[in-house]
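Text of the file protein.txt, holding compact mmCIF, C-alpha atoms:
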```txt
# COMPACT_ATOMS: atom_id res chain seq x y z
CA MET W 169 0.00 0.00 0.00
CA THR W 170 2.82 2.41 0.80
CA ILE W 171 3.86 2.43 -2.84
CA LEU W 172 0.63 4.31 -3.60
CA LEU W 173 1.81 7.16 -1.36
CA ASP W 174 5.19 7.57 -3.04
CA ALA W 175 5.74 11.09 -4.32
CA GLY W 176 5.87 10.04 -7.96
CA VAL W 177 2.85 7.73 -7.75
CA ALA W 178 0.51 9.55 -5.36
CA ILE W 179 -0.57 12.14 -7.90
CA TYR W 180 -1.65 9.43 -10.36
CA VAL W 181 -3.49 7.62 -7.56
CA ALA W 182 -5.28 10.86 -6.61
CA MET W 183 -6.18 11.58 -10.25
CA THR W 184 -7.45 8.04 -10.85
CA THR W 185 -9.54 8.18 -7.67
CA ALA W 186 -11.02 11.55 -8.65
CA LEU W 187 -11.81 10.29 -12.16
CA ILE W 188 -13.45 7.10 -10.87
CA VAL W 189 -15.58 9.10 -8.43
CA TRP W 190 -16.56 11.53 -11.21
CA VAL W 191 -17.48 8.70 -13.63
CA GLY W 192 -19.64 7.15 -10.90
CA VAL W 193 -21.36 10.44 -10.11
CA PHE W 194 -21.86 11.18 -13.82
CA PHE W 195 -23.58 7.89 -14.64
CA TYR W 196 -25.67 8.14 -11.48
CA LEU W 197 -26.82 11.61 -12.56
CA LEU W 198 -27.52 10.38 -16.10
CA ARG W 199 -29.71 7.59 -14.67
CA ILE W 200 -31.63 10.01 -12.47
CA ASP W 201 -31.98 12.38 -15.43
CA HIS W 202 -33.46 9.61 -17.61
CA ALA W 203 -35.80 8.45 -14.83
CA THR W 204 -36.98 12.02 -14.25
CA GLN W 205 -37.60 12.55 -17.94
CA ASP W 206 -39.61 9.31 -18.10
CA VAL W 207 -41.79 10.24 -15.14
CA ALA W 208 -42.36 13.78 -16.46
CA ARG W 209 -43.27 12.44 -19.93
CA GLN W 210 -45.67 9.80 -18.54
CA LEU W 211 -47.29 12.42 -16.38
CA ASN W 212 -47.70 14.81 -19.29
CA GLU W 213 -49.24 12.03 -21.39
CA ARG W 214 -51.66 11.16 -18.58
CA VAL W 215 -52.62 14.79 -18.07
CA THR W 216 -53.11 15.25 -21.83
CA ALA W 217 -55.24 12.09 -22.02
CA THR W 218 -57.54 13.21 -19.21
CA ASP W 219 -57.80 16.67 -20.78
CA VAL W 220 -59.57 15.30 -23.92
CA PRO W 221 -63.21 16.33 -23.50
CA GLN W 222 -65.51 13.32 -23.26
CA PRO W 223 -68.90 13.59 -25.09
CA ARG W 224 -71.64 14.41 -22.64
CA ALA W 225 -74.49 14.45 -25.18
CA THR W 226 -75.01 13.17 -28.69
CA ILE W 227 -76.63 15.38 -31.26
CA VAL W 228 -79.05 13.48 -33.46
CA SER W 229 -81.62 14.54 -35.99
CA ASN W 230 -85.28 14.82 -35.05
CA GLU W 231 -86.14 11.68 -37.05
CA GLN W 232 -83.53 9.66 -35.24
CA ALA W 233 -84.79 10.99 -31.90
CA LYS W 234 -88.37 9.98 -32.72
CA GLN W 235 -87.29 6.44 -33.55
CA MET Q 229 -28.23 2.30 -20.34
CA ALA Q 230 -29.58 3.42 -23.71
CA LEU Q 231 -28.68 6.89 -24.88
CA ARG Q 232 -31.33 9.42 -25.83
CA ASN Q 233 -31.66 12.71 -27.60
CA GLY Q 234 -29.96 15.41 -25.57
CA ASP Q 235 -27.51 12.98 -23.95
CA GLY Q 236 -24.77 14.22 -26.27
CA VAL Q 237 -24.48 17.51 -24.38
CA LYS Q 238 -24.40 15.70 -21.05
CA ILE Q 239 -21.72 13.26 -22.21
CA PHE Q 240 -19.71 16.21 -23.51
CA LEU Q 241 -20.05 17.81 -20.07
CA GLY Q 242 -18.90 14.57 -18.44
CA LEU Q 243 -15.84 14.39 -20.69
CA TRP Q 244 -15.15 18.09 -20.16
CA ILE Q 245 -15.02 17.73 -16.36
CA ALA Q 246 -12.96 14.53 -16.70
CA ALA Q 247 -10.49 16.53 -18.83
CA VAL Q 248 -10.42 19.29 -16.18
CA ILE Q 249 -9.60 16.66 -13.52
CA TYR Q 250 -6.83 15.25 -15.74
CA CYS Q 251 -5.38 18.73 -16.39
CA MET Q 252 -5.68 19.68 -12.73
CA PHE Q 253 -3.32 16.85 -11.79
CA LEU Q 254 -1.05 16.50 -14.80
CA VAL Q 255 -1.06 19.75 -16.80
CA VAL Q 256 -1.24 22.55 -14.21
CA PRO Q 257 2.21 23.22 -12.70
CA GLN Q 258 2.94 22.94 -9.00
CA TYR Q 259 2.69 26.15 -7.03
CA VAL Q 260 5.73 27.40 -5.18
CA GLY Q 261 5.30 26.61 -1.52
CA LEU Q 262 2.06 24.70 -1.93
CA GLY Q 263 3.22 21.74 -3.97
CA ASP Q 264 0.45 19.47 -5.24
CA ALA Q 265 -2.02 20.75 -2.62
CA GLY Q 266 -2.45 23.94 -4.63
CA ARG Q 267 -4.09 22.01 -7.47
CA ILE Q 268 -7.31 21.84 -5.47
CA ILE Q 269 -7.83 25.54 -6.24
CA ILE Q 270 -8.85 24.53 -9.78
CA VAL Q 271 -11.97 22.97 -8.25
CA HIS Q 272 -12.40 24.86 -4.99
CA VAL Q 273 -12.64 28.43 -6.33
CA PRO Q 274 -15.07 27.80 -9.25
CA VAL Q 275 -17.32 25.77 -6.94
CA ALA Q 276 -17.35 28.61 -4.39
CA TRP Q 277 -18.15 31.17 -7.11
CA ILE Q 278 -20.99 29.06 -8.52
CA THR Q 279 -22.35 28.67 -4.98
CA SER Q 280 -22.94 32.42 -4.86
CA ALA Q 281 -24.50 32.40 -8.35
CA ALA Q 282 -26.91 29.61 -7.35
CA PHE Q 283 -27.98 31.38 -4.16
CA LEU Q 284 -28.44 34.60 -6.12
CA LEU Q 285 -30.59 32.80 -8.71
CA SER Q 286 -32.64 31.31 -5.87
CA ALA Q 287 -33.25 34.78 -4.41
CA ILE Q 288 -34.28 36.13 -7.83
CA TYR Q 289 -36.89 33.36 -8.15
CA SER Q 290 -38.09 34.12 -4.63
CA ILE Q 291 -38.61 37.78 -5.62
CA ILE Q 292 -40.52 36.64 -8.72
CA TYR Q 293 -42.62 34.37 -6.53
CA LEU Q 294 -43.53 37.19 -4.15
CA TRP Q 295 -44.36 39.37 -7.14
CA LYS Q 296 -46.39 36.94 -9.25
CA ARG Q 297 -47.29 34.23 -6.72
CA ASN Q 298 -46.69 31.43 -9.22
CA THR Q 299 -45.69 28.07 -7.77
CA ILE Q 300 -43.17 27.40 -10.51
CA SER Q 301 -40.94 30.25 -9.24
CA ASP Q 302 -41.01 28.78 -5.75
CA VAL Q 303 -40.00 25.40 -7.15
CA ALA Q 304 -37.14 27.03 -9.09
CA ALA Q 305 -36.00 28.89 -5.97
CA VAL Q 306 -35.83 25.64 -4.00
CA ALA Q 307 -33.95 23.81 -6.76
CA ALA Q 308 -31.38 26.62 -7.07
CA ALA Q 309 -30.91 26.84 -3.30
CA GLU Q 310 -30.32 23.08 -3.14
CA VAL Q 311 -27.67 23.26 -5.85
CA GLY Q 312 -26.08 26.20 -4.01
CA MET Q 313 -26.07 24.23 -0.76
CA LEU Q 314 -24.48 21.22 -2.45
CA TYR Q 315 -21.76 23.36 -4.04
CA CYS Q 316 -21.20 25.22 -0.77
CA LEU Q 317 -20.64 21.90 1.00
CA PHE Q 318 -18.22 20.83 -1.74
CA ALA Q 319 -16.33 24.12 -1.46
CA THR Q 320 -16.10 23.66 2.32
CA ILE Q 321 -14.82 20.09 1.99
CA THR Q 322 -12.21 20.95 -0.65
CA GLY Q 323 -11.16 23.97 1.44
CA SER Q 324 -10.76 21.76 4.50
CA ILE Q 325 -8.57 19.33 2.56
CA PHE Q 326 -6.42 22.27 1.45
CA ALA Q 327 -6.27 23.53 5.06
CA GLU Q 328 -5.15 20.13 6.34
CA VAL Q 329 -2.30 19.94 3.85
CA VAL Q 330 -1.13 23.57 4.06
CA TRP Q 331 -2.17 24.77 7.52
CA GLY Q 332 -1.92 21.41 9.26
CA THR Q 333 -5.55 21.18 10.38
CA PHE Q 334 -8.88 20.53 8.69
CA TRP Q 335 -10.59 23.30 10.65
CA ASN Q 336 -9.05 26.17 12.57
CA TRP Q 337 -11.87 28.75 12.60
CA ASP Q 338 -10.18 30.98 10.09
CA PRO Q 339 -12.55 33.88 9.15
CA ARG Q 340 -13.06 32.32 5.73
CA GLU Q 341 -13.96 28.94 7.22
CA THR Q 342 -16.24 30.53 9.80
CA SER Q 343 -18.07 32.68 7.25
CA ILE Q 344 -18.77 29.74 4.92
CA LEU Q 345 -20.03 27.70 7.90
CA VAL Q 346 -22.39 30.56 8.81
CA LEU Q 347 -23.60 30.63 5.20
CA LEU Q 348 -24.25 26.87 5.30
CA LEU Q 349 -26.23 27.30 8.52
CA ILE Q 350 -28.26 30.18 7.06
CA TYR Q 351 -29.33 28.06 4.09
CA ALA Q 352 -29.86 24.99 6.29
CA ALA Q 353 -32.31 27.19 8.21
CA TYR Q 354 -34.04 28.00 4.90
CA PHE Q 355 -34.79 24.31 4.35
CA ALA Q 356 -35.72 23.86 8.02
CA LEU Q 357 -38.17 26.75 7.67
CA ARG Q 358 -39.75 25.18 4.62
CA SER Q 359 -40.29 21.89 6.39
CA SER Q 360 -41.70 23.49 9.52
CA VAL Q 361 -44.72 25.30 8.03
CA ASP Q 362 -47.69 23.19 7.00
CA ASP Q 363 -49.74 25.73 5.12
CA ASN Q 364 -48.44 25.75 1.53
CA GLU Q 365 -49.08 29.37 0.70
CA ARG Q 366 -47.66 30.57 4.00
CA ARG Q 367 -44.60 28.31 3.67
CA ARG Q 368 -43.79 29.60 0.20
CA ARG Q 369 -44.26 33.22 1.22
CA LEU Q 370 -42.16 32.96 4.40
CA ALA Q 371 -39.45 30.97 2.65
CA ALA Q 372 -39.26 33.49 -0.19
CA VAL Q 373 -38.85 36.42 2.21
CA TYR Q 374 -36.23 34.52 4.22
CA ASN Q 375 -34.40 33.53 1.04
CA ILE Q 376 -34.07 37.17 -0.01
CA PHE Q 377 -32.56 38.10 3.37
CA ALA Q 378 -30.24 35.08 3.17
CA ALA Q 379 -29.03 36.19 -0.26
CA VAL Q 380 -28.29 39.67 1.09
CA THR Q 381 -25.92 38.18 3.68
CA MET Q 382 -24.27 35.88 1.14
CA PRO Q 383 -21.93 38.37 -0.64
CA PHE Q 384 -20.93 39.77 2.73
CA LEU Q 385 -20.11 36.33 4.13
CA LEU Q 386 -18.38 35.02 1.02
CA PHE Q 387 -16.53 38.06 -0.27
CA VAL Q 388 -16.43 40.91 2.26
CA ALA Q 389 -16.06 39.48 5.78
CA PRO Q 390 -13.02 37.29 5.05
CA ARG Q 391 -11.26 40.19 3.33
CA ILE Q 392 -11.80 42.80 6.02
CA ALA Q 393 -10.63 40.40 8.70
CA ASP Q 394 -7.12 41.12 9.93
CA SER Q 395 -6.55 37.53 10.79
CA THR Q 396 -6.89 35.15 7.89
CA LEU Q 397 -4.66 32.52 6.41
CA HIS Q 398 -6.79 32.28 3.29
CA PRO Q 399 -4.75 33.35 0.26
CA ASN Q 400 -7.07 36.20 -0.71
CA CYS Q 401 -4.48 37.85 -2.89
CA ALA Q 402 -4.34 34.81 -5.15
CA PHE Q 403 -7.11 36.13 -7.34
CA LEU Q 404 -8.16 39.56 -6.18
CA GLN Q 405 -5.33 41.99 -5.74
CA GLY Q 406 -5.64 44.57 -3.02
CA SER Q 407 -7.75 42.40 -0.78
CA LYS Q 408 -6.20 42.77 2.66
CA CYS Q 409 -2.70 42.02 1.50
CA GLU Q 410 -0.96 44.97 3.09
CA GLY Q 411 0.18 43.13 6.20
CA VAL Q 412 0.37 44.57 9.72
CA ALA Q 413 2.35 47.45 11.22
CA LEU Q 414 4.41 46.75 14.34
CA ASN Q 415 6.04 49.20 16.71
CA LEU Q 416 9.00 48.65 19.01
CA GLY Q 417 7.94 48.45 22.62
CA ASP Q 418 4.30 48.50 21.65
CA THR Q 419 2.10 46.77 24.17
CA LYS Q 420 -0.39 45.92 21.45
CA ILE Q 421 0.16 42.47 20.06
CA SER Q 422 -0.61 42.16 16.39
CA GLN Q 423 -1.83 39.19 14.51
CA LEU Q 424 -0.92 37.88 11.11
CA GLY Q 425 -3.21 35.12 10.10
CA ASP Q 426 -3.60 32.96 13.18
CA VAL Q 427 -0.13 33.91 14.32
CA VAL Q 428 0.57 36.41 17.08
CA VAL Q 429 3.55 38.61 16.18
CA GLU Q 430 5.55 41.07 18.27
CA LEU Q 431 8.46 43.26 17.20
CA LYS Q 432 11.40 42.73 19.56
CA SER Q 433 14.19 44.69 17.91
CA LEU Q 434 15.11 46.52 14.75
CA THR Q 435 18.70 46.94 13.56
CA LYS Q 436 20.04 48.72 10.53
CA THR Q 437 23.43 48.31 8.88
CA ASP Q 438 24.72 49.64 5.56
CA THR Q 439 23.44 46.67 3.63
CA LEU Q 440 20.60 45.24 5.67
CA THR Q 441 17.68 46.21 7.90
CA GLN Q 442 16.77 43.33 10.18
CA ALA Q 443 13.64 43.03 12.31
CA THR Q 444 13.56 40.49 15.10
CA ILE Q 445 9.99 39.32 15.49
CA GLU Q 446 8.62 36.91 18.04
CA VAL Q 447 6.05 34.58 16.56
CA ARG Q 448 3.54 32.53 18.55
CA MET Q 449 1.60 29.93 16.65
CA PRO Q 450 -2.11 29.23 17.29
CA GLY Q 451 -2.77 28.00 20.82
CA MET Q 452 0.38 29.84 21.98
CA LYS Q 453 2.51 26.86 21.06
CA ASN Q 454 5.65 26.90 18.94
CA VAL Q 455 7.07 30.24 20.02
CA ALA Q 456 9.80 31.19 17.56
CA THR Q 457 11.87 34.17 16.60
CA LEU Q 458 12.02 35.15 12.94
CA VAL Q 459 14.39 37.68 11.46
CA PRO Q 460 13.11 38.99 8.13
CA SER Q 461 15.17 41.69 6.46
CA LEU Q 462 15.28 44.39 3.80
CA ASP Q 463 18.26 44.99 1.54
CA SER Q 464 19.83 48.37 0.96
CA GLU Q 465 17.34 49.14 -1.82
CA GLY Q 466 14.40 48.48 0.48
CA LYS Q 467 13.47 45.17 -1.10
CA PRO Q 468 12.74 42.07 1.01
CA ALA Q 469 15.90 39.99 1.52
CA ASP Q 470 15.48 37.14 4.04
CA ARG Q 471 12.00 35.62 4.21
CA PRO Q 472 12.01 33.14 7.10
CA GLU Q 473 9.42 30.37 7.18
CA PHE Q 474 6.80 30.20 9.92
CA PRO Q 475 7.37 27.17 12.14
CA GLY Q 476 5.43 24.16 10.89
CA GLN Q 477 3.76 26.03 8.05
CA GLN Q 478 4.52 26.68 4.42
CA PHE Q 479 4.18 30.44 4.85
CA ARG Q 480 6.99 32.94 4.96
CA MET Q 481 7.29 36.22 6.79
CA VAL Q 482 8.26 39.12 4.61
CA LEU Q 483 9.41 42.55 5.79
CA LEU Q 484 7.74 45.14 3.57
CA GLU Q 485 8.84 48.40 5.19
CA ALA Q 486 11.07 49.40 8.05
CA ASP Q 487 11.79 52.74 9.71
CA ALA Q 488 14.69 52.23 12.11
CA SER Q 489 14.50 55.76 13.54
CA ALA Q 490 10.81 55.49 14.38
CA GLY Q 491 11.07 51.83 15.35
CA THR Q 492 8.24 50.73 13.08
CA VAL Q 493 7.96 47.93 10.53
CA ARG Q 494 5.30 46.51 8.30
CA VAL Q 495 5.36 42.76 7.87
CA ASN Q 496 3.20 40.36 5.98
CA MET Q 497 2.60 36.69 5.68
CA GLN Q 498 3.58 35.58 2.23
CA ALA Q 499 0.91 33.10 1.33
CA PRO Q 500 2.00 30.73 -1.38
CA GLY Q 501 -0.27 30.78 -4.35
CA THR Q 502 -0.28 34.51 -4.97
CA ASN Q 503 -0.84 35.35 -8.65
CA LEU Q 504 -1.64 31.76 -9.51
CA LEU Q 505 -3.40 32.73 -12.69
CA SER Q 506 -0.35 34.39 -14.19
CA ASN Q 507 0.56 30.95 -15.51
CA PRO Q 508 -1.34 30.44 -18.80
CA ARG Q 509 -1.87 26.70 -18.29
CA THR Q 510 -3.34 27.32 -14.85
CA LEU Q 511 -5.51 30.13 -16.21
CA TRP Q 512 -7.02 28.06 -19.04
CA VAL Q 513 -7.66 25.03 -16.85
CA PHE Q 514 -9.20 27.32 -14.25
CA LEU Q 515 -11.53 28.87 -16.86
CA ALA Q 516 -12.42 25.41 -18.21
CA SER Q 517 -13.20 24.30 -14.66
CA ASN Q 518 -15.52 27.28 -14.19
CA LEU Q 519 -17.40 26.37 -17.37
CA GLY Q 520 -17.58 22.67 -16.49
CA PHE Q 521 -18.86 23.18 -12.96
CA PHE Q 522 -21.31 25.81 -14.17
CA GLY Q 523 -22.69 23.28 -16.68
CA LEU Q 524 -22.91 20.64 -13.95
CA ALA Q 525 -24.76 23.07 -11.65
CA PHE Q 526 -27.24 23.85 -14.43
CA TRP Q 527 -27.82 20.14 -15.05
CA LEU Q 528 -28.36 19.42 -11.35
CA TYR Q 529 -30.71 22.38 -11.14
CA HIS Q 530 -32.68 21.12 -14.14
CA ILE Q 531 -33.03 17.59 -12.72
CA ARG Q 532 -34.13 18.81 -9.28
CA ARG Q 533 -36.56 21.33 -10.74
CA THR Q 534 -38.18 18.66 -12.91
CA ILE Q 535 -38.56 16.34 -9.91
CA LEU Q 536 -40.19 19.10 -7.85
CA GLN Q 537 -42.51 20.01 -10.73
CA VAL Q 538 -43.62 16.37 -11.06
CA GLN Q 539 -44.27 16.34 -7.33
CA GLN Q 540 -46.35 19.47 -7.69
CA VAL Q 541 -48.50 17.90 -10.39
CA LEU Q 542 -48.99 14.62 -8.52
CA ASN Q 543 -49.67 16.24 -5.13
CA PRO Q 544 -50.64 19.87 -5.81
CA GLY Q 545 -50.81 20.84 -2.15
CA GLU Q 546 -47.66 19.11 -1.03
CA MET Q 547 -43.96 19.47 -1.47
CA SER Q 548 -41.30 17.34 0.19
CA ILE Q 549 -39.32 20.41 1.21
```

Kindly transcribe the structure held in the file into structure tokens.
Amino acid sequence: MTILLDAGVAIYVAMTTALIVWVGVFFYLLRIDHATQDVARQLNERVTATDVPQPRATIVSNEQAKQ
Amino acid sequence: MALRNGDGVKIFLGLWIAAVIYCMFLVVPQYVGLGDAGRIIIVHVPVAWITSAAFLLSAIYSIIYLWKRNTISDVAAVAAAEVGMLYCLFATITGSIFAEVVWGTFWNWDPRETSILVLLLIYAAYFALRSSVDDNERRRRLAAVYNIFAAVTMPFLLFVAPRIADSTLHPNCAFLQGSKCEGVALNLGDTKISQLGDVVVELKSLTKTDTLTQATIEVRMPGMKNVATLVPSLDSEGKPADRPEFPGQQFRMVLLEADASAGTVRVNMQAPGTNLLSNPRTLWVFLASNLGFFGLAFWLYHIRRTILQVQQVLNPGEMSI
């Protein structure tokens, strides 16, 4: 383990650690971003679907009404 | 994980910050006196700057909310404040790492450390306030007013207070010239003890020869331990000659002025890292880091705002914070 703390090596160890942490954070954020987009899209679709006015009455001609 | 439209920009951002990390370690040169510890400035300073931008954006949305009373502004204010809080925490952690390497302790209540802690507490209280009021309208209104007052204190705590403090180890002169870099004046036989950073300094004697003016200065490190005597000097042209190192720290004492007849001197703590950005490689990496972390902040803000908006639609009267 002490070799990782050697002056010539430590900086590469620090950089690799920082890069690994960043890659992990980045993909985690990308996953959350995708999940958020999905939920927002599904919600918009649901809201749009419920916004379509349902027919409350049907207009028919007088003859049809008499029948 | 399948890629989607719009992911290109995010992947570019990811690669950009990865490149900044690479350059921070392998392209930016070491700073005199700081060694590799100074590299953290490439991340620490942009993050601190973006903290203030996020809190300012949050306050702007709070003003818009109070003006128009639209929920979307309140949601945006919360999202921006959360990003600001996250960045503020990151700036505090990176600053503490720097302090451990250079000052020898993670936390020593330096004015800069204290002011950023106060700022964190102020915004923690903002979130506590939001969670403590049940009535939605009242919560939003109170939080917006509080947020505006919090934003008013922010520039003072981040930029003014640490610079007007006589006692700070923070290298303020690294980026902003003229910010409390003039040192302290000491008089022979003066009962007043001056302070330079966290170090108590007292002028003991002042001698002048044809070639050198030497000041003997007693130095007591924080906690009154490590009492030492430093002898900084000026050459015949009035330029600093000997710059002795403070015991246990990578800071040097520099004699700026000396008047042997009046028995007065002006000394300063030479913080390593001054004029960091004069190196072009450091400057460009620093600017790239600013852009990268700004992009990341915007992304985080966008994600959090979308989540809060979805929450608003699903439960119109409720918000988790």

Between Q:Ala469, Q:Leu416, Q:Val380, Q:Ile239, which is the closest to Q:Leu484 once you count all atoms listed in the file?
-> Q:Ala469

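The shortest atom-to-atom distance to chain Q, with all atoms listed in the file taken into account, belongs to W:Thr204 out of W:Ile188, W:Val193, W:Val177, W:Thr204.
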
Can you check which residues of chain Q have any atom within 9 Å of chain W? Use all atoms listed in the file and format it as a list in words.
->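 The selection requested is Met229, Arg232, Asp235, Lys238, Ile239, Gly242, Ile245, Ala246, Ile249, Tyr250, Met252, Phe253, Leu254, Asp264, Trp527, Leu528, His530, Ile531, Arg532, Thr534, Ile535, Gln537, Val538, Val541 and Leu542 of chain Q.
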
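Between atom CA of Q:Leu483 and atom CA of Q:Asp470 there is a distance of 8.3 Å.
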
If you measure from atom CA of Q:Pro383 to atom CA of Q:Leu317, what distance in Å do you get, rounded to one decimal?
->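 It comes out at 16.6 Å.
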
Leaving out stretch 266-279 of chain Q and any residue of its chain fewer than 3 positions from it, which residues lie within 10 Å of it when counting all atoms listed in the file, given as a PyMOL selection string?
-> chain Q and resi 248-249+251-254+256-263+282-285+308-323+325-326+329-330+344+382+386-387+402-403+500-501+504+510-511+513-522+525

Would you put the residues from that selection into a file with C-alpha atoms, as a tab-separated table (two decimals), in the frame of the given file?
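Output saved as part27.tsv:
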```
chain	number	residue	atom	x	y	z
Q	248	VAL	CA	-10.42	19.29	-16.18
Q	249	ILE	CA	-9.60	16.66	-13.52
Q	251	CYS	CA	-5.38	18.73	-16.39
Q	252	MET	CA	-5.68	19.68	-12.73
Q	253	PHE	CA	-3.32	16.85	-11.79
Q	254	LEU	CA	-1.05	16.50	-14.80
Q	256	VAL	CA	-1.24	22.55	-14.21
Q	257	PRO	CA	2.21	23.22	-12.70
Q	258	GLN	CA	2.94	22.94	-9.00
Q	259	TYR	CA	2.69	26.15	-7.03
Q	260	VAL	CA	5.73	27.40	-5.18
Q	261	GLY	CA	5.30	26.61	-1.52
Q	262	LEU	CA	2.06	24.70	-1.93
Q	263	GLY	CA	3.22	21.74	-3.97
Q	282	ALA	CA	-26.91	29.61	-7.35
Q	283	PHE	CA	-27.98	31.38	-4.16
Q	284	LEU	CA	-28.44	34.60	-6.12
Q	285	LEU	CA	-30.59	32.80	-8.71
Q	308	ALA	CA	-31.38	26.62	-7.07
Q	309	ALA	CA	-30.91	26.84	-3.30
Q	310	GLU	CA	-30.32	23.08	-3.14
Q	311	VAL	CA	-27.67	23.26	-5.85
Q	312	GLY	CA	-26.08	26.20	-4.01
Q	313	MET	CA	-26.07	24.23	-0.76
Q	314	LEU	CA	-24.48	21.22	-2.45
Q	315	TYR	CA	-21.76	23.36	-4.04
Q	316	CYS	CA	-21.20	25.22	-0.77
Q	317	LEU	CA	-20.64	21.90	1.00
Q	318	PHE	CA	-18.22	20.83	-1.74
Q	319	ALA	CA	-16.33	24.12	-1.46
Q	320	THR	CA	-16.10	23.66	2.32
Q	321	ILE	CA	-14.82	20.09	1.99
Q	322	THR	CA	-12.21	20.95	-0.65
Q	323	GLY	CA	-11.16	23.97	1.44
Q	325	ILE	CA	-8.57	19.33	2.56
Q	326	PHE	CA	-6.42	22.27	1.45
Q	329	VAL	CA	-2.30	19.94	3.85
Q	330	VAL	CA	-1.13	23.57	4.06
Q	344	ILE	CA	-18.77	29.74	4.92
Q	382	MET	CA	-24.27	35.88	1.14
Q	386	LEU	CA	-18.38	35.02	1.02
Q	387	PHE	CA	-16.53	38.06	-0.27
Q	402	ALA	CA	-4.34	34.81	-5.15
Q	403	PHE	CA	-7.11	36.13	-7.34
Q	500	PRO	CA	2.00	30.73	-1.38
Q	501	GLY	CA	-0.27	30.78	-4.35
Q	504	LEU	CA	-1.64	31.76	-9.51
Q	510	THR	CA	-3.34	27.32	-14.85
Q	511	LEU	CA	-5.51	30.13	-16.21
Q	513	VAL	CA	-7.66	25.03	-16.85
Q	514	PHE	CA	-9.20	27.32	-14.25
Q	515	LEU	CA	-11.53	28.87	-16.86
Q	516	ALA	CA	-12.42	25.41	-18.21
Q	517	SER	CA	-13.20	24.30	-14.66
Q	518	ASN	CA	-15.52	27.28	-14.19
Q	519	LEU	CA	-17.40	26.37	-17.37
Q	520	GLY	CA	-17.58	22.67	-16.49
Q	521	PHE	CA	-18.86	23.18	-12.96
Q	522	PHE	CA	-21.31	25.81	-14.17
Q	525	ALA	CA	-24.76	23.07	-11.65
```

Quick one: residues within 12 Å of Q:Ile376, all atoms listed in the file counted, chain neighbours fewer than 3 positions away excluded, as an NGL selection string?
-> :Q and (283-294 or 305 or 309 or 350-351 or 354 or 369-373 or 379-382)

Please, what distance in Å, to one decimal, runs between atom CA of Q:Asn336 and atom CA of Q:Leu458?
->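 Result for atom CA of Q:Asn336 versus atom CA of Q:Leu458: 22.9 Å, one decimal.
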
Taking the point (-6.9, 23.2, 6.2) as given in the file, collect each protein or nucleic acid residue that comes within 6 Å of it, counting all atoms listed in the file, and present the set as a ChimeraX atom specification.
-> /Q:324-328,331,333-335

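Taking only C-alpha atoms into account, Q:Gln539 lies nearest to Q:Thr299 out of the set Q:Ser360, Q:Thr299, Q:Asn233, Q:Ser464.
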
If we draw a sphere of 7 Å around (-41.0, 22.2, -6.7), which residues have at least one atom in it when counting only C-alpha atoms? Please report them as a short mmCIF file (atom, residue, chain, number, x, y, z; two decimals) with C-alpha atoms, in the frame of the given file.
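Saved as result-v2.cif:
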```cif
data_model
loop_
_atom_site.label_atom_id
_atom_site.label_comp_id
_atom_site.auth_asym_id
_atom_site.auth_seq_id
_atom_site.Cartn_x
_atom_site.Cartn_y
_atom_site.Cartn_z
CA ILE Q 300 -43.17 27.40 -10.51
CA ASP Q 302 -41.01 28.78 -5.75
CA VAL Q 303 -40.00 25.40 -7.15
CA ALA Q 304 -37.14 27.03 -9.09
CA VAL Q 306 -35.83 25.64 -4.00
CA ARG Q 533 -36.56 21.33 -10.74
CA LEU Q 536 -40.19 19.10 -7.85
CA GLN Q 537 -42.51 20.01 -10.73
CA GLN Q 539 -44.27 16.34 -7.33
CA GLN Q 540 -46.35 19.47 -7.69
CA MET Q 547 -43.96 19.47 -1.47
#
```

Add whatever atoms are absent from stretch 189-197 of chain W to reach N, CA and C atoms, and provide the output as a PDB file, in the frame of the given file.
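Output file result-v8.pdb follows:
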```
ATOM      1  N   VAL W 189     -14.446   8.506  -9.161  1.00  0.00           N
ATOM      2  CA  VAL W 189     -15.580   9.100  -8.430  1.00  0.00           C
ATOM      3  C   VAL W 189     -16.449   9.911  -9.394  1.00  0.00           C
ATOM      4  N   TRP W 190     -15.808  10.697 -10.271  1.00  0.00           N
ATOM      5  CA  TRP W 190     -16.560  11.530 -11.210  1.00  0.00           C
ATOM      6  C   TRP W 190     -17.381  10.661 -12.185  1.00  0.00           C
ATOM      7  N   VAL W 191     -16.753   9.584 -12.691  1.00  0.00           N
ATOM      8  CA  VAL W 191     -17.480   8.700 -13.630  1.00  0.00           C
ATOM      9  C   VAL W 191     -18.702   8.102 -12.926  1.00  0.00           C
ATOM     10  N   GLY W 192     -18.530   7.690 -11.675  1.00  0.00           N
ATOM     11  CA  GLY W 192     -19.640   7.150 -10.900  1.00  0.00           C
ATOM     12  C   GLY W 192     -20.756   8.177 -10.715  1.00  0.00           C
ATOM     13  N   VAL W 193     -20.381   9.364 -10.321  1.00  0.00           N
ATOM     14  CA  VAL W 193     -21.360  10.440 -10.110  1.00  0.00           C
ATOM     15  C   VAL W 193     -22.076  10.768 -11.424  1.00  0.00           C
ATOM     16  N   PHE W 194     -21.294  10.812 -12.511  1.00  0.00           N
ATOM     17  CA  PHE W 194     -21.860  11.180 -13.820  1.00  0.00           C
ATOM     18  C   PHE W 194     -22.934  10.184 -14.259  1.00  0.00           C
ATOM     19  N   PHE W 195     -22.601   8.886 -14.182  1.00  0.00           N
ATOM     20  CA  PHE W 195     -23.580   7.890 -14.640  1.00  0.00           C
ATOM     21  C   PHE W 195     -24.796   7.829 -13.707  1.00  0.00           C
ATOM     22  N   TYR W 196     -24.557   8.080 -12.429  1.00  0.00           N
ATOM     23  CA  TYR W 196     -25.670   8.140 -11.480  1.00  0.00           C
ATOM     24  C   TYR W 196     -26.613   9.296 -11.860  1.00  0.00           C
ATOM     25  N   LEU W 197     -26.016  10.447 -12.162  1.00  0.00           N
ATOM     26  CA  LEU W 197     -26.820  11.610 -12.560  1.00  0.00           C
ATOM     27  C   LEU W 197     -27.580  11.336 -13.857  1.00  0.00           C
TER      28      LEU W 197
END
```
